[in-house]
Amino acid sequence: MICDKKITLSNGVKIPVLGLGTWLIPNDKAPSIVKDAIEIGYRHIDTAQAYGNEEGVGTGIKMSKIKRKDIFIQTKVAAEIKTYDEAKREIEKSFERLKVDYIDLMIIHSPQPWSEFGSPNRYKEENIAVWNALVEYYQLGKIKAIGVSNFTIDDIENILQHSTVKPMVNQILCHISNTDFELIKYCRDHDIIVEAYSPIAHGKLLDNEQLKQMADKYGVSTAQLSILYTLQLGLVSLPKASSYNHLKTNTELNFVISDEDMNHLVEMDEIHDYGEFSVFPVYAKK
């Protein structure tokens, strides 16, 4: 089962290649959804301070019958937190909300506050301050691995130049028609695992007739095809789902996309309009 497959981070920590994304899952709905996911077989749950559902995620994990050591929990320091002291305070709050003694992976959610996402100010000194707070918890063993999200090559270079501990993960927007191969190659060259969030483009890919036809050829859904695309690129994939059926089918990936079809998917025209989700910085119209 795909949920059982893991890859190894640069520090030796093993991470399941398929995780559950929980963005926009309300805190009160998270316990039952997370519990269902774990019962289906998920062993990797992704949350964030900004999602407002860490407490619900933690409750769902406790409601499951799976031991804590067998669940990989990752969360994120909010994008607006840009000082060492603030970062430490918020990290402690994540521990309290999740109700855990350790966190498997914690990352900086964005190099910039969301209100300034994509602006020239890269917050280099501030990101080092937050990184140093994560490093402190990592060296204490309270956080098993640390990383970043939405970081460009320059943003990662900044960390590498100012810390002896390099990011183990970079979580980025990645899906069919929007794949930053230059950034992925850079991360791979520096032994940084790339995680793909929104592998189904927040549902946008489901309307693509070309993808429907290709999925039909394999006897799968467009969502399944989209998730496997990121996995065959060697990435960790974090699809979001809330219904039991979607949670289950997202794990049923017992097929292989041919080289020819992968090449076609790689070359697909980029999405420039995410519709209603374009209000979010990472989906902003280009």
# chains A, B, ... in the order shown; residues from 1 in each chain; ligands from 1
>>> residues_around(residues="stretch 170-185 of chain A", least_positions_apart="4", cutoff="8 Å", atoms="only C-alpha atoms", output="PyMOL selection string")
chain A and resi 147-153+189+192-201+205+226+229-230+265-271+282
>>> closest_atom_pairs(of="stretch 109-216 of chain A", to="stretch 86-101 of chain A", cutoff="9 Å", atoms="only C-alpha atoms", output="JSON lines")
{"residue": "A:Ala129", "atom": "CA", "partner": "A:Ala87", "partner_atom": "CA", "distance": 8.3}
{"residue": "A:Val130", "atom": "CA", "partner": "A:Ala87", "partner_atom": "CA", "distance": 5.7}
{"residue": "A:Trp131", "atom": "CA", "partner": "A:Ala87", "partner_atom": "CA", "distance": 8.7}
{"residue": "A:Ala133", "atom": "CA", "partner": "A:Lys88", "partner_atom": "CA", "distance": 5.9}
{"residue": "A:Leu134", "atom": "CA", "partner": "A:Lys88", "partner_atom": "CA", "distance": 7.8}
{"residue": "A:Tyr137", "atom": "CA", "partner": "A:Lys88", "partner_atom": "CA", "distance": 8.7}
{"residue": "A:Lys142", "atom": "CA", "partner": "A:Asp101", "partner_atom": "CA", "distance": 7.0}
>>> residues_around(residues="A:Lys14", least_positions_apart="2", cutoff="12 Å", atoms="only C-alpha atoms", output="PDB file with N, CA, C and O atoms, in the first residue's frame")
ATOM      1  N   ASP A   4       2.328   2.919   3.124  1.00  0.00           N
ATOM      2  CA  ASP A   4       3.437   2.284   3.850  1.00  0.00           C
ATOM      3  C   ASP A   4       4.801   2.662   3.284  1.00  0.00           C
ATOM      4  O   ASP A   4       5.825   2.420   3.918  1.00  0.00           O
ATOM      5  N   LYS A   5       4.818   3.251   2.094  1.00  0.00           N
ATOM      6  CA  LYS A   5       6.092   3.578   1.464  1.00  0.00           C
ATOM      7  C   LYS A   5       6.688   4.839   2.088  1.00  0.00           C
ATOM      8  O   LYS A   5       5.997   5.836   2.304  1.00  0.00           O
ATOM      9  N   LYS A   6       7.994   4.792   2.345  1.00  0.00           N
ATOM     10  CA  LYS A   6       8.674   5.926   2.968  1.00  0.00           C
ATOM     11  C   LYS A   6       9.948   6.262   2.203  1.00  0.00           C
ATOM     12  O   LYS A   6      10.511   5.409   1.519  1.00  0.00           O
ATOM     13  N   ILE A   7      10.372   7.510   2.341  1.00  0.00           N
ATOM     14  CA  ILE A   7      11.695   7.894   1.863  1.00  0.00           C
ATOM     15  C   ILE A   7      12.446   8.499   3.039  1.00  0.00           C
ATOM     16  O   ILE A   7      11.844   8.893   4.047  1.00  0.00           O
ATOM     17  N   THR A   8      13.748   8.573   2.913  1.00  0.00           N
ATOM     18  CA  THR A   8      14.586   8.987   4.041  1.00  0.00           C
ATOM     19  C   THR A   8      15.101  10.412   3.856  1.00  0.00           C
ATOM     20  O   THR A   8      15.652  10.752   2.801  1.00  0.00           O
ATOM     21  N   LEU A   9      14.910  11.226   4.874  1.00  0.00           N
ATOM     22  CA  LEU A   9      15.420  12.594   4.861  1.00  0.00           C
ATOM     23  C   LEU A   9      16.929  12.583   5.088  1.00  0.00           C
ATOM     24  O   LEU A   9      17.510  11.560   5.475  1.00  0.00           O
ATOM     25  N   SER A  10      17.569  13.716   4.885  1.00  0.00           N
ATOM     26  CA  SER A  10      19.032  13.796   4.979  1.00  0.00           C
ATOM     27  C   SER A  10      19.568  13.444   6.354  1.00  0.00           C
ATOM     28  O   SER A  10      20.726  13.061   6.494  1.00  0.00           O
ATOM     29  N   ASN A  11      18.730  13.558   7.386  1.00  0.00           N
ATOM     30  CA  ASN A  11      19.188  13.235   8.745  1.00  0.00           C
ATOM     31  C   ASN A  11      18.802  11.821   9.169  1.00  0.00           C
ATOM     32  O   ASN A  11      18.970  11.450  10.329  1.00  0.00           O
ATOM     33  N   GLY A  12      18.251  11.033   8.237  1.00  0.00           N
ATOM     34  CA  GLY A  12      17.913   9.641   8.540  1.00  0.00           C
ATOM     35  C   GLY A  12      16.474   9.401   8.937  1.00  0.00           C
ATOM     36  O   GLY A  12      16.042   8.249   9.029  1.00  0.00           O
ATOM     37  N   PRO A  16       6.657   9.107   5.339  1.00  0.00           N
ATOM     38  CA  PRO A  16       5.742   8.463   4.382  1.00  0.00           C
ATOM     39  C   PRO A  16       5.547   9.348   3.150  1.00  0.00           C
ATOM     40  O   PRO A  16       5.379  10.564   3.273  1.00  0.00           O
ATOM     41  N   VAL A  17       5.544   8.750   1.972  1.00  0.00           N
ATOM     42  CA  VAL A  17       5.482   9.539   0.741  1.00  0.00           C
ATOM     43  C   VAL A  17       4.091  10.096   0.468  1.00  0.00           C
ATOM     44  O   VAL A  17       3.945  11.044  -0.309  1.00  0.00           O
ATOM     45  N   ARG A  43      -0.394   7.459   7.369  1.00  0.00           N
ATOM     46  CA  ARG A  43       0.512   7.541   8.513  1.00  0.00           C
ATOM     47  C   ARG A  43       1.264   8.873   8.533  1.00  0.00           C
ATOM     48  O   ARG A  43       2.227   9.040   9.278  1.00  0.00           O
ATOM     49  N   HIS A  44       0.807   9.805   7.728  1.00  0.00           N
ATOM     50  CA  HIS A  44       1.457  11.114   7.600  1.00  0.00           C
ATOM     51  C   HIS A  44       0.354  12.162   7.546  1.00  0.00           C
ATOM     52  O   HIS A  44      -0.481  12.149   6.633  1.00  0.00           O
ATOM     53  N   LYS A  69       4.094   6.737  17.725  1.00  0.00           N
ATOM     54  CA  LYS A  69       5.373   6.579  17.031  1.00  0.00           C
ATOM     55  C   LYS A  69       5.196   6.151  15.578  1.00  0.00           C
ATOM     56  O   LYS A  69       6.109   6.285  14.766  1.00  0.00           O
ATOM     57  N   ASP A  70       4.003   5.659  15.258  1.00  0.00           N
ATOM     58  CA  ASP A  70       3.744   5.197  13.896  1.00  0.00           C
ATOM     59  C   ASP A  70       3.054   6.252  13.042  1.00  0.00           C
ATOM     60  O   ASP A  70       2.736   6.004  11.876  1.00  0.00           O
ATOM     61  N   ILE A  71       2.823   7.433  13.604  1.00  0.00           N
ATOM     62  CA  ILE A  71       2.195   8.537  12.873  1.00  0.00           C
ATOM     63  C   ILE A  71       3.214   9.654  12.681  1.00  0.00           C
ATOM     64  O   ILE A  71       3.862  10.092  13.640  1.00  0.00           O
ATOM     65  N   PHE A  72       3.362  10.111  11.465  1.00  0.00           N
ATOM     66  CA  PHE A  72       4.272  11.212  11.144  1.00  0.00           C
ATOM     67  C   PHE A  72       3.455  12.500  11.126  1.00  0.00           C
ATOM     68  O   PHE A  72       2.578  12.679  10.266  1.00  0.00           O
ATOM     69  N   ILE A  73       3.735  13.393  12.080  1.00  0.00           N
ATOM     70  CA  ILE A  73       3.006  14.655  12.187  1.00  0.00           C
ATOM     71  C   ILE A  73       3.912  15.800  11.767  1.00  0.00           C
ATOM     72  O   ILE A  73       5.022  15.949  12.287  1.00  0.00           O
ATOM     73  N   ASP A 104       7.266  15.415  14.402  1.00  0.00           N
ATOM     74  CA  ASP A 104       8.150  14.748  13.441  1.00  0.00           C
ATOM     75  C   ASP A 104       8.820  15.727  12.482  1.00  0.00           C
ATOM     76  O   ASP A 104      10.001  15.577  12.162  1.00  0.00           O
ATOM     77  N   LEU A 105       8.077  16.716  12.017  1.00  0.00           N
ATOM     78  CA  LEU A 105       8.629  17.696  11.080  1.00  0.00           C
ATOM     79  C   LEU A 105       7.930  19.030  11.284  1.00  0.00           C
ATOM     80  O   LEU A 105       6.705  19.095  11.350  1.00  0.00           O
ATOM     81  N   LYS A 144      11.884  16.282  15.222  1.00  0.00           N
ATOM     82  CA  LYS A 144      12.767  15.282  14.627  1.00  0.00           C
ATOM     83  C   LYS A 144      13.382  15.716  13.301  1.00  0.00           C
ATOM     84  O   LYS A 144      14.441  15.212  12.909  1.00  0.00           O
ATOM     85  N   ALA A 145      12.713  16.613  12.595  1.00  0.00           N
ATOM     86  CA  ALA A 145      13.235  17.127  11.330  1.00  0.00           C
ATOM     87  C   ALA A 145      12.656  18.524  11.113  1.00  0.00           C
ATOM     88  O   ALA A 145      11.558  18.837  11.589  1.00  0.00           O
ATOM     89  N   MET A 168      15.619  20.012   5.629  1.00  0.00           N
ATOM     90  CA  MET A 168      15.470  18.631   5.187  1.00  0.00           C
ATOM     91  C   MET A 168      14.330  18.480   4.187  1.00  0.00           C
ATOM     92  O   MET A 168      14.262  17.496   3.456  1.00  0.00           O
ATOM     93  N   VAL A 169      13.444  19.502   4.153  1.00  0.00           N
ATOM     94  CA  VAL A 169      12.261  19.465   3.305  1.00  0.00           C
ATOM     95  C   VAL A 169      11.968  20.863   2.782  1.00  0.00           C
ATOM     96  O   VAL A 169      12.223  21.859   3.471  1.00  0.00           O
ATOM     97  N   ILE A 193      14.316  17.016   0.474  1.00  0.00           N
ATOM     98  CA  ILE A 193      13.138  16.359  -0.084  1.00  0.00           C
ATOM     99  C   ILE A 193      12.071  17.413  -0.390  1.00  0.00           C
ATOM    100  O   ILE A 193      11.819  18.315   0.411  1.00  0.00           O
ATOM    101  N   VAL A 236       7.121  13.833  -2.120  1.00  0.00           N
ATOM    102  CA  VAL A 236       6.114  13.468  -1.139  1.00  0.00           C
ATOM    103  C   VAL A 236       4.836  14.195  -1.562  1.00  0.00           C
ATOM    104  O   VAL A 236       4.872  15.374  -1.921  1.00  0.00           O
TER     105      VAL A 236
END
>>> residues_around(residues="stretch 256-261 of chain A", least_positions_apart="3", cutoff="9 Å", atoms="only C-alpha atoms", output="list in words")
Met214, Tyr218, Leu225, Leu228, Tyr229, Gln232, Leu253, His264, Leu265 and Val266 of chain A
>>> closest_residue(among="A:Asp207, A:Glu125, A:Asp154, A:Glu116", to="A:Cys187", atoms="only C-alpha atoms")
A:Asp154
>>> atom_distance(atom1="atom CA of A:Phe280", atom2="atom CA of A:Gln49")
16.5 Å
>>> select_by_dssp(residues="stretch 31-128 of chain A", states="helix (DSSP H, G or I)", output="VMD selection string")
chain A and resid 31 to 40 49 to 51 54 to 63 68 to 70 84 to 98 114 to 116 124 to 128
>>> residues_around(residues="A:Asp155", least_positions_apart="6", cutoff="8 Å", atoms="only C-alpha atoms", output="list in words")
Pro111, Arg122 and Lys124 of chain A
>>> write_last_selection(atoms="all heavy atoms", output="compact mmCIF listing (two decimals), in the first residue's frame")
# COMPACT_ATOMS: atom_id res chain seq x y z
N PRO A 111 8.53 32.20 3.29
CA PRO A 111 9.63 33.13 3.57
C PRO A 111 9.14 34.54 3.87
O PRO A 111 9.87 35.34 4.44
CB PRO A 111 10.46 33.10 2.29
CG PRO A 111 9.49 32.67 1.23
CD PRO A 111 8.55 31.72 1.90
N ARG A 122 12.63 39.58 0.93
CA ARG A 122 12.67 38.15 1.20
C ARG A 122 12.80 37.83 2.69
O ARG A 122 12.89 36.67 3.05
CB ARG A 122 13.82 37.49 0.44
CG ARG A 122 13.82 37.69 -1.07
CD ARG A 122 12.49 37.38 -1.71
NE ARG A 122 12.06 35.99 -1.53
CZ ARG A 122 10.94 35.49 -2.02
NH1 ARG A 122 10.10 36.27 -2.69
NH2 ARG A 122 10.62 34.23 -1.82
N LYS A 124 15.23 37.94 4.81
CA LYS A 124 16.36 37.02 5.00
C LYS A 124 16.80 36.91 6.46
O LYS A 124 16.97 35.81 6.99
CB LYS A 124 17.52 37.43 4.10
CG LYS A 124 17.24 37.18 2.63
CD LYS A 124 18.48 37.37 1.77
CE LYS A 124 18.22 36.94 0.33
NZ LYS A 124 19.42 37.05 -0.52
>>> atom_distance(atom1="atom CA of A:Tyr42", atom2="atom CA of A:Asn245")
13.6 Å
>>> atom_distance(atom1="atom CA of A:Asn132", atom2="atom CA of A:Ser237")
27.0 Å
>>> select_by_dssp(residues="stretch 90-169 of chain A", states="strand (DSSP E or B)", output="list of chain:residue names")
A:Ile103, A:Leu105, A:Met106, A:Ile107, A:Ile108, A:Ile143, A:Ile146, A:Gly147, A:Val148, A:Ser149, A:Val169
>>> closest_residue(among="A:Glu136, A:Glu126, A:Asp191, A:Asp28", to="A:Ile159", atoms="only C-alpha atoms")
A:Glu126
>>> residues_around(residues="A:Asp46", least_positions_apart="6", cutoff="7 Å", atoms="only C-alpha atoms", output="PyMOL selection string")
chain A and resi 19-22+73-75
>>> residues_around(residues="A:Ser115", least_positions_apart="5", cutoff="10 Å", atoms="only C-alpha atoms", output="MDAnalysis selection string")
chainID A and resid 79:80 280:281
>>> write_last_selection(atoms="N, CA, C and O atoms", output="PDB file, in the first residue's frame")
ATOM      1  N   ALA A  79       3.448  32.071   8.704  1.00  0.00           N
ATOM      2  CA  ALA A  79       4.243  32.939   7.822  1.00  0.00           C
ATOM      3  C   ALA A  79       4.520  34.303   8.436  1.00  0.00           C
ATOM      4  O   ALA A  79       5.535  34.937   8.127  1.00  0.00           O
ATOM      5  N   GLU A  80       3.627  34.774   9.301  1.00  0.00           N
ATOM      6  CA  GLU A  80       3.775  36.102   9.891  1.00  0.00           C
ATOM      7  C   GLU A  80       4.755  36.127  11.060  1.00  0.00           C
ATOM      8  O   GLU A  80       5.134  37.212  11.531  1.00  0.00           O
ATOM      9  N   PHE A 280      -6.044  33.405  -2.740  1.00  0.00           N
ATOM     10  CA  PHE A 280      -4.954  32.980  -1.872  1.00  0.00           C
ATOM     11  C   PHE A 280      -3.622  33.256  -2.567  1.00  0.00           C
ATOM     12  O   PHE A 280      -3.479  33.009  -3.772  1.00  0.00           O
ATOM     13  N   PRO A 281      -2.640  33.776  -1.833  1.00  0.00           N
ATOM     14  CA  PRO A 281      -1.371  34.197  -2.449  1.00  0.00           C
ATOM     15  C   PRO A 281      -0.704  33.161  -3.343  1.00  0.00           C
ATOM     16  O   PRO A 281      -0.221  33.488  -4.419  1.00  0.00           O
TER      17      PRO A 281
END
